[in-house]
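Colleague: My structure is in coords.txt, and what it holds is compact mmCIF, C-alpha atoms:
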# COMPACT_ATOMS: atom_id res chain seq x y z
CA ALA N 1 24.45 -4.21 -7.71
CA GLN N 2 21.09 -3.25 -9.04
CA THR N 3 19.76 0.24 -8.39
CA VAL N 4 16.31 1.69 -8.85
CA THR N 5 15.76 5.42 -9.26
CA GLN N 6 12.50 7.29 -8.90
CA SER N 7 13.21 10.89 -9.80
CA GLN N 8 9.87 12.32 -8.67
CA PRO N 9 9.56 12.48 -4.87
CA GLU N 10 6.06 13.93 -5.18
CA MET N 11 3.40 14.09 -7.85
CA SER N 12 -0.15 15.35 -7.89
CA VAL N 13 -3.05 14.72 -10.22
CA GLN N 14 -6.61 15.91 -10.52
CA GLU N 15 -9.27 13.31 -9.93
CA ALA N 16 -10.24 11.55 -13.20
CA GLU N 17 -7.04 12.72 -14.92
CA THR N 18 -4.00 10.66 -15.94
CA VAL N 19 -0.61 10.70 -14.27
CA THR N 20 2.68 8.99 -15.08
CA LEU N 21 5.27 8.02 -12.49
CA SER N 22 8.85 7.51 -13.65
CA CYS N 23 11.32 4.80 -12.78
CA THR N 24 14.72 3.86 -14.13
CA TYR N 25 16.92 0.99 -13.06
CA ASP N 26 20.39 -0.27 -13.60
CA THR N 27 21.29 -3.91 -14.11
CA SER N 28 23.57 -6.14 -16.11
CA GLU N 29 21.09 -9.01 -16.03
CA SER N 30 18.94 -9.92 -19.00
CA ASP N 31 16.24 -11.79 -17.10
CA TYR N 32 14.48 -10.02 -14.26
CA TYR N 33 11.13 -8.70 -13.05
CA LEU N 34 9.86 -5.20 -12.45
CA PHE N 35 7.05 -4.17 -10.15
CA TRP N 36 5.10 -1.22 -8.91
CA TYR N 37 3.88 -1.40 -5.34
CA LYS N 38 1.53 0.98 -3.58
CA GLN N 39 1.78 1.97 0.07
CA PRO N 40 -1.26 3.89 1.35
CA PRO N 41 -1.24 5.63 4.73
CA SER N 42 -2.15 2.31 6.34
CA ARG N 43 1.46 1.37 5.36
CA GLN N 44 0.39 -1.98 3.88
CA MET N 45 2.42 -2.59 0.72
CA ILE N 46 0.25 -3.77 -2.16
CA LEU N 47 1.25 -5.00 -5.59
CA VAL N 48 -0.04 -2.77 -8.38
CA ILE N 49 1.46 -4.32 -11.49
CA ARG N 50 4.23 -6.69 -12.62
CA GLN N 51 6.34 -6.91 -15.77
CA GLU N 52 8.62 -9.76 -16.83
CA ALA N 53 11.68 -8.43 -18.64
CA TYR N 54 11.46 -11.09 -21.35
CA LYS N 55 8.01 -9.88 -22.36
CA GLN N 56 7.89 -7.05 -24.84
CA GLN N 57 4.22 -6.35 -24.29
CA ASN N 58 3.54 -3.75 -21.62
CA ALA N 59 1.58 -5.00 -18.63
CA THR N 60 -1.88 -3.61 -17.93
CA GLU N 61 -4.13 -3.96 -14.90
CA ASN N 62 -7.40 -2.07 -15.28
CA ARG N 63 -6.53 1.64 -14.92
CA PHE N 64 -2.83 0.92 -14.39
CA SER N 65 -0.39 0.33 -17.22
CA VAL N 66 3.34 0.48 -17.69
CA ASN N 67 5.69 1.69 -20.36
CA PHE N 68 8.59 -0.73 -20.28
CA GLN N 69 11.61 0.32 -22.30
CA LYS N 70 14.19 -2.42 -21.76
CA ALA N 71 17.02 -0.83 -23.72
CA ALA N 72 16.58 2.44 -21.88
CA LYS N 73 16.05 0.60 -18.56
CA SER N 74 12.92 2.60 -17.97
CA PHE N 75 9.70 1.42 -16.36
CA SER N 76 7.03 4.08 -15.90
CA LEU N 77 3.57 3.65 -14.41
CA LYS N 78 0.53 5.31 -15.90
CA ILE N 79 -2.60 5.72 -13.82
CA SER N 80 -5.68 6.60 -15.85
CA ASP N 81 -8.91 8.06 -14.49
CA SER N 82 -7.24 8.76 -11.15
CA GLN N 83 -9.34 8.17 -8.06
CA LEU N 84 -9.01 9.51 -4.54
CA GLY N 85 -8.13 6.01 -3.38
CA ASP N 86 -5.05 6.07 -5.58
CA ALA N 87 -3.39 8.53 -3.21
CA ALA N 88 -0.38 6.72 -1.76
CA MET N 89 3.34 6.30 -2.02
CA TYR N 90 4.31 4.27 -5.07
CA PHE N 91 7.47 2.19 -5.18
CA CYS N 92 9.17 0.84 -8.24
CA ALA N 93 11.01 -2.41 -7.60
CA TYR N 94 13.45 -4.62 -9.47
CA SER N 95 13.66 -8.33 -8.73
CA THR N 96 16.36 -10.75 -9.77
CA ASN N 97 15.44 -14.18 -10.99
CA ALA N 98 16.40 -15.44 -7.55
CA GLY N 99 13.74 -13.23 -6.01
CA LYS N 100 15.85 -10.50 -4.43
CA SER N 101 14.01 -7.19 -4.78
CA THR N 102 15.47 -3.68 -4.71
CA PHE N 103 13.17 -0.70 -4.25
CA GLY N 104 13.30 2.92 -5.35
CA ASP N 105 12.82 5.74 -2.87
CA GLY N 106 9.14 6.11 -3.75
CA THR N 107 6.88 8.76 -5.22
CA THR N 108 4.13 10.28 -3.11
CA LEU N 109 1.02 10.71 -5.21
CA THR N 110 -1.64 13.21 -4.20
CA VAL N 111 -5.05 13.10 -5.87
CA LYS N 112 -6.96 16.37 -5.83
CA PRO N 113 -10.77 16.25 -5.86
CA ASP Q 1 -5.07 -17.35 3.40
CA ALA Q 2 -4.53 -14.76 6.14
CA GLY Q 3 -1.55 -13.29 4.34
CA VAL Q 4 1.82 -12.59 5.90
CA ILE Q 5 1.41 -12.16 9.62
CA GLN Q 6 3.78 -10.04 11.65
CA SER Q 7 3.94 -9.42 15.35
CA PRO Q 8 4.04 -7.21 17.23
CA ARG Q 9 2.46 -4.35 15.26
CA HIS Q 10 4.02 -1.81 17.55
CA GLU Q 11 6.93 -2.10 19.93
CA VAL Q 12 8.32 0.58 22.18
CA THR Q 13 11.43 -0.30 24.09
CA GLU Q 14 14.38 1.28 25.76
CA MET Q 15 17.88 1.41 24.43
CA GLY Q 16 19.83 -1.71 25.28
CA GLN Q 17 16.82 -4.02 25.39
CA GLU Q 18 16.41 -7.05 23.19
CA VAL Q 19 13.74 -6.88 20.51
CA THR Q 20 12.28 -9.85 18.67
CA LEU Q 21 10.06 -9.42 15.63
CA ARG Q 22 8.12 -12.37 14.29
CA CYS Q 23 6.79 -13.34 10.91
CA LYS Q 24 4.59 -16.09 9.53
CA PRO Q 25 4.81 -16.25 5.73
CA ILE Q 26 2.10 -17.39 3.38
CA SER Q 27 1.80 -21.15 3.23
CA GLY Q 28 3.50 -22.49 0.12
CA HIS Q 29 5.79 -19.50 -0.30
CA ASN Q 30 9.41 -20.58 -0.24
CA SER Q 31 11.18 -17.22 0.00
CA LEU Q 32 11.06 -14.84 2.95
CA PHE Q 33 12.42 -11.32 3.17
CA TRP Q 34 13.00 -8.83 5.97
CA TYR Q 35 12.95 -5.15 5.01
CA ARG Q 36 13.42 -2.02 7.09
CA GLN Q 37 11.73 1.25 6.16
CA THR Q 38 12.84 4.66 7.38
CA MET Q 39 12.34 8.16 6.06
CA MET Q 40 16.05 8.62 5.57
CA ARG Q 41 16.96 5.33 3.91
CA GLY Q 42 13.71 4.16 2.37
CA LEU Q 43 13.11 0.41 2.04
CA GLU Q 44 16.23 -1.61 2.73
CA LEU Q 45 16.52 -5.35 2.33
CA LEU Q 46 18.08 -6.77 5.46
CA ILE Q 47 18.12 -10.49 4.73
CA TYR Q 48 16.29 -13.09 2.73
CA PHE Q 49 15.79 -16.82 2.92
CA ASN Q 50 15.05 -19.42 0.28
CA ASN Q 51 13.65 -22.70 1.57
CA ASN Q 52 14.51 -21.63 5.13
CA VAL Q 53 18.18 -21.06 4.27
CA PRO Q 54 19.65 -17.55 4.56
CA ILE Q 55 20.85 -16.54 1.11
CA ASP Q 56 21.90 -12.93 1.45
CA ASP Q 57 22.37 -11.11 4.74
CA SER Q 58 24.52 -8.32 3.37
CA GLY Q 59 21.89 -5.79 4.35
CA MET Q 60 21.98 -6.62 8.03
CA PRO Q 61 23.38 -3.46 9.61
CA GLU Q 62 25.68 -5.03 12.16
CA ASP Q 63 26.15 -7.90 14.55
CA ARG Q 64 23.37 -6.64 16.77
CA PHE Q 65 20.92 -7.90 14.17
CA SER Q 66 20.22 -11.57 13.61
CA ALA Q 67 17.51 -13.49 11.77
CA LYS Q 68 16.41 -17.09 11.83
CA MET Q 69 13.97 -19.24 9.96
CA PRO Q 70 13.68 -22.54 11.85
CA ASN Q 71 10.89 -23.82 9.59
CA ALA Q 72 8.85 -22.84 6.56
CA SER Q 73 6.17 -21.12 8.60
CA PHE Q 74 8.13 -18.93 10.99
CA SER Q 75 10.93 -16.40 11.05
CA THR Q 76 12.34 -14.01 13.62
CA LEU Q 77 14.41 -10.86 13.42
CA LYS Q 78 16.22 -10.05 16.62
CA ILE Q 79 18.01 -6.88 17.66
CA GLN Q 80 20.24 -7.12 20.70
CA PRO Q 81 21.03 -4.62 22.11
CA SER Q 82 18.65 -2.15 20.49
CA GLU Q 83 19.61 1.46 19.80
CA PRO Q 84 17.50 4.55 18.98
CA ARG Q 85 18.74 4.48 15.38
CA ASP Q 86 17.04 1.11 14.97
CA SER Q 87 13.66 2.84 15.17
CA ALA Q 88 11.86 2.01 11.93
CA VAL Q 89 9.09 -0.05 10.42
CA TYR Q 90 10.21 -3.59 9.80
CA PHE Q 91 8.42 -5.51 7.08
CA CYS Q 92 8.40 -9.19 6.44
CA ALA Q 93 7.46 -10.37 2.95
CA SER Q 94 7.18 -13.74 1.30
CA SER Q 95 7.07 -14.93 -2.26
CA ARG Q 96 6.90 -17.99 -4.41
CA ARG Q 97 9.89 -18.42 -6.64
CA GLY Q 98 9.81 -19.41 -10.25
CA PRO Q 99 8.55 -18.12 -13.58
CA GLY Q 100 5.67 -15.75 -13.19
CA ALA Q 101 6.23 -15.48 -9.48
CA ASN Q 102 8.62 -13.35 -7.44
CA VAL Q 103 5.75 -11.13 -6.33
CA LEU Q 104 6.27 -10.01 -2.76
CA THR Q 105 3.36 -10.23 -0.35
CA PHE Q 106 4.06 -7.98 2.59
CA GLY Q 107 2.95 -8.16 6.16
CA ALA Q 108 1.51 -5.09 7.85
CA GLY Q 109 4.85 -4.23 9.38
CA SER Q 110 6.17 -3.86 12.90
CA ARG Q 111 6.78 -0.31 14.01
CA LEU Q 112 9.73 -0.24 16.40
CA THR Q 113 10.53 2.73 18.58
CA VAL Q 114 13.68 2.60 20.66
CA LEU Q 115 13.89 5.31 23.30
Can the structure from this file be put into structure tokens for me?
Modeller:
Amino acid sequence: AQTVTQSQPEMSVQEAETVTLSCTYDTSESDYYLFWYKQPPSRQMILVIRQEAYKQQNATENRFSVNFQKAAKSFSLKISDSQLGDAAMYFCAYSTNAGKSTFGDGTTLTVKP
Amino acid sequence: DAGVIQSPRHEVTEMGQEVTLRCKPISGHNSLFWYRQTMMRGLELLIYFNNNVPIDDSGMPEDRFSAKMPNASFSTLKIQPSEPRDSAVYFCASSRRGPGANVLTFGAGSRLTVL
């Protein structure tokens, strides 16, 4: 079974600074997808960024980028120029090709003004 | 598209009562997932459907839980009888399968409190 580990229960960052959230996963599959989702206090889960395992290039979405290390099974999220609206719980998720997603325990990000 | 629609948003019931949670996935999405979120256990996948067929229900806690998807636009998660330990937020999510897909779109969740 696939597992996803987020080793940082809580992180904080100063507004406008950069923060990196860590994620590791375990799988025997070669083809899969990785995601970061954001859950603000409203509890609505929102996709932040997606990475296909077959792509070597790291995904980027505006201020959000990932560092995908397939051999190390590592998938970290970097948030640049942090904004107050980035405060939320962030979940790393692994998805099989069939679409079944497993989530980490989440990292609560606090942004300090 | 209105997104994934869940009802009710909040449900408070007493132990032993039947609870039915409802979900309308995004039109055109062919996979549907039910997740449960608690502080203790995080986000757990309960069951998922592909093309209305249950594929994996290994996450369903016990026989008190059942889920159906009678058509592509509707699914239910039923708990009978409910227990206090079932208190949680239940999320429905849908996705489109295939290359470049597999992104989950979540509903707003149904917060269940069993007294």
Colleague: Check every residue of chain N for an atom within 9 Å of chain Q, counting all atoms listed in the file, and provide those that qualify as JSON, numbers by chain.
Modeller: {"N": [33, 35, 42, 43, 44, 45, 46, 47, 50, 52, 95, 96, 97, 98, 99, 100, 101, 102, 103, 104, 105, 106]}
Colleague: Just to confirm, what's the straight-line distance from atom CA of Thr27 of chain N to atom CA of Lys55 of chain N in Å (one decimal)?
Modeller: 16.7 Å
Colleague: Figure out the distance between atom CA of Pro25 of chain Q and atom CA of Phe75 of chain N, please, to one decimal in Å.
Modeller: 28.7 Å
Colleague: What does the distance from atom CA of Met11 of chain N to atom CA of Asn67 of chain N come to in Å, to one decimal?
Modeller: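 Taking atom CA of Met11 of chain N as the start and atom CA of Asn67 of chain N as the end point, the length is 17.8 Å.
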Colleague: So that I can check the surroundings of segment 56-60 of chain N, please list as JSON, numbers by chain every protein, DNA and RNA residue that reaches within 12 Å of it, counting all atoms listed in the file and ignoring chain neighbours fewer than 6 positions away.
Modeller: {"N": [33, 34, 35, 36, 48, 49, 50, 66, 67, 68, 69, 70, 71, 74, 75, 76, 77, 78, 79, 80]}
Colleague: Write out the residues from the selection above, keeping C-alpha atoms, as a short mmCIF file (atom, residue, chain, number, x, y, z; two decimals), in the frame of the given file.
Modeller:
data_model
loop_
_atom_site.label_atom_id
_atom_site.label_comp_id
_atom_site.auth_asym_id
_atom_site.auth_seq_id
_atom_site.Cartn_x
_atom_site.Cartn_y
_atom_site.Cartn_z
CA TYR N 33 11.13 -8.70 -13.05
CA LEU N 34 9.86 -5.20 -12.45
CA PHE N 35 7.05 -4.17 -10.15
CA TRP N 36 5.10 -1.22 -8.91
CA VAL N 48 -0.04 -2.77 -8.38
CA ILE N 49 1.46 -4.32 -11.49
CA ARG N 50 4.23 -6.69 -12.62
CA VAL N 66 3.34 0.48 -17.69
CA ASN N 67 5.69 1.69 -20.36
CA PHE N 68 8.59 -0.73 -20.28
CA GLN N 69 11.61 0.32 -22.30
CA LYS N 70 14.19 -2.42 -21.76
CA ALA N 71 17.02 -0.83 -23.72
CA SER N 74 12.92 2.60 -17.97
CA PHE N 75 9.70 1.42 -16.36
CA SER N 76 7.03 4.08 -15.90
CA LEU N 77 3.57 3.65 -14.41
CA LYS N 78 0.53 5.31 -15.90
CA ILE N 79 -2.60 5.72 -13.82
CA SER N 80 -5.68 6.60 -15.85
#
Colleague: Set the distance at 10 Å and use all atoms listed in the file: which residues neighbour Gln14 of chain N once local chain neighbours fewer than 6 positions away are removed? I'd like the list as a PyMOL selection string.
Modeller: chain N and resi 81-84+110-113
Colleague: Tell me which protein, DNA and RNA residues are within 6 Å of Thr5 of chain N, counting all atoms listed in the file, leaving out same-chain ones fewer than 4 positions away, and put them as a PyMOL selection string.
Modeller: chain N and resi 23-25+104
Colleague: Place a sphere of radius 9 Å on (17.2, 3.5, 16.7) in the file coordinates and name every protein, DNA or RNA residue with an atom inside or on its surface, counting all atoms listed in the file; give the answer as a count of residues only.
Modeller: 12
Colleague: For His10 of chain Q, which of Q:Asn71, Q:Gly28, Q:Leu46, Q:Arg22 is the closest residue, counting all atoms listed in the file?
Modeller: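 Closest residue, counting all atoms listed in the file: Q:Arg22.
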Colleague: Find the spatial neighbours of Glu62 of chain Q, counting all atoms listed in the file, within a cut-off of 12 Å - ignore same-chain residues fewer than 2 positions away - and output them as a list in words.
Modeller: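 Within the cut-off, the hits are Leu46, Ile47, Asp57, Ser58, Gly59, Met60, Arg64, Phe65, Ser66, Ala67, Lys78, Ile79, Gln80, Pro81, Ser82, Glu83 and Asp86 of chain Q.
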Colleague: For Glu10 of chain N, list every protein, DNA or RNA residue within 7 Å, evaluated using all atoms listed in the file, and leave out those in the same chain fewer than 5 positions away; present the list as a PyMOL selection string.
Modeller: chain N and resi 107-109
Colleague: With distances taken over all atoms listed in the file, which residue among N:Asp31, N:Ala87, N:Thr20, N:Pro9 lies nearest Gln51 of chain N?
Modeller: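 Answer, going by the shortest atom-to-atom distance: N:Asp31.
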